[in-house]
Amino acid sequence: MNFLITAGPTREPIDPVRFISNRSSGKMGYALAAAALEARHTVTLISGPVCISPPQGADLVHVTTADEMHDAVQSRIGGDFDALLMCAAVADFKPREFHPQKIKKHRGLSNIELVPTRDILASLVLPRDHRKIIVGFAAESESLAENAQKKLHEKQCDFICANDITRMDTGFDADHNELTIFFRDGSQRHFPRATKLEIARSVLKICVELAENR
């Protein structure tokens, strides 16, 4: 199979040296890419700024902002890809105004007006007859099942992987994760705490099973 995977955070610039971002390390997305390559699949990895080395064999595409990530995905989604795994933690907001010069500390900044970033999954234009598997990820701090299922249907995913970001031993910047996967038919599967590579192998297996049944 050919996998298109997004990973890491985005950075939304305030000025040339400051930005808005989040705690994503990119480890889960990179683990998905590694698991796919391990199983001899083809991988294009679209990555925000991270401090980890990409798995050898992936076609790596570097991006910084949410808009850049959207454009990178959109330009490739019509190609020969079987599954899109949207694992990146895209920043939800960006400054309305970018300051082209560094804001001096002594001048201060009374406020930063924020606007929502583009919802990449919701704004993708997919081929009308596409049979691609679309996988979303939901990092939640409350009402995990309710919020994940809402995203699943709003973004028309085949399934969505949800995790609790309030835990310190899983999720953001950790080497382990724990996921609950929600499917369109209302069923769900829980994967207890394990390394991100082990969790990634389980997610990839589900993708392959869905592809074989289409």
# chains A, B, ... in the order shown; residues from 1 in each chain; ligands from 1
>>> select_by_dssp(residues="chain A", states="strand (DSSP E or B)", output="VMD selection string")
chain A and resid 2 to 7 9 12 to 13 19 to 20 42 to 47 59 to 62 83 to 86 89 93 to 95 114 to 116 133 to 140 159 to 164 176 to 183 188 to 195
>>> residues_around(residues="Ser75 of chain A", least_positions_apart="2", cutoff="12 Å", atoms="only C-alpha atoms", output="list in words")
Leu4, Ile46, Val61, Glu68, Met69, His70, Asp71, Ala72, Val73, Ile77, Gly78, Gly79, Asp80, Phe81, Leu124, Val125, Leu126 and Pro127 of chain A
>>> residues_around(residues="segment 140-155 of chain A", least_positions_apart="6", cutoff="10 Å", atoms="only C-alpha atoms", output="list in words")
Asp119, Ile120, Leu121, Ala122, Ser123, Leu124, Ile134, Cys161, Ala162, Asn163, Asp164, Ile165, Thr166, Arg167, Thr180, Ile181, Phe182, Phe183, Arg184, Gly186 and Gln188 of chain A
>>> write_last_selection(atoms="C-alpha atoms", output="CSV table (one decimal), in the first residue's frame")
chain,number,residue,atom,x,y,z
A,119,ASP,CA,-9.2,22.6,9.0
A,120,ILE,CA,-7.1,20.5,6.7
A,121,LEU,CA,-9.2,17.3,6.6
A,122,ALA,CA,-12.5,19.3,6.2
A,123,SER,CA,-11.0,21.4,3.4
A,124,LEU,CA,-9.4,18.7,1.3
A,134,ILE,CA,-8.9,8.4,5.6
A,161,CYS,CA,-7.6,7.4,16.8
A,162,ALA,CA,-8.3,9.2,20.1
A,163,ASN,CA,-6.0,9.6,23.1
A,164,ASP,CA,-6.1,11.3,26.4
A,165,ILE,CA,-3.6,14.2,26.5
A,166,THR,CA,-3.9,14.7,30.3
A,167,ARG,CA,-1.7,11.7,31.0
A,180,THR,CA,-9.2,4.1,21.4
A,181,ILE,CA,-10.2,3.7,17.8
A,182,PHE,CA,-13.7,4.7,16.7
A,183,PHE,CA,-15.3,3.4,13.5
A,184,ARG,CA,-18.1,4.7,11.3
A,186,GLY,CA,-20.2,2.7,15.9
A,188,GLN,CA,-14.5,0.8,18.7
>>> residues_around(residues="Leu32 of chain A", least_positions_apart="5", cutoff="9 Å", atoms="only C-alpha atoms", output="JSON, numbers by chain")
{"A": [5, 27, 37, 85, 87, 196, 197, 199, 200, 201, 203, 204]}
>>> atom_distance(atom1="atom CA of Asp169 of chain A", atom2="atom CA of His190 of chain A")
16.8 Å
>>> atom_distance(atom1="atom CA of Glu12 of chain A", atom2="atom CA of Leu114 of chain A")
10.3 Å
>>> closest_residue(among="A:Leu109, A:Gly29, A:Met1, A:Gln56", to="Leu210 of chain A", atoms="only C-alpha atoms")
A:Met1
>>> select_by_dssp(residues="segment 3-209 of chain A", states="helix (DSSP H, G or I)", output="JSON, numbers by chain")
{"A": [27, 28, 29, 30, 31, 32, 33, 34, 35, 36, 37, 38, 66, 67, 68, 69, 70, 71, 72, 73, 74, 75, 76, 77, 120, 121, 122, 123, 144, 145, 146, 147, 148, 149, 150, 151, 152, 153, 154, 196, 197, 198, 199, 200, 201, 202, 203, 204, 205, 206, 207, 208, 209]}
>>> closest_residue(among="A:Thr117, A:Ala7, A:Gly108, A:Phe98", to="His62 of chain A", atoms="only C-alpha atoms")
A:Ala7
>>> atom_distance(atom1="atom CA of Lys94 of chain A", atom2="atom CA of Glu113 of chain A")
8.4 Å
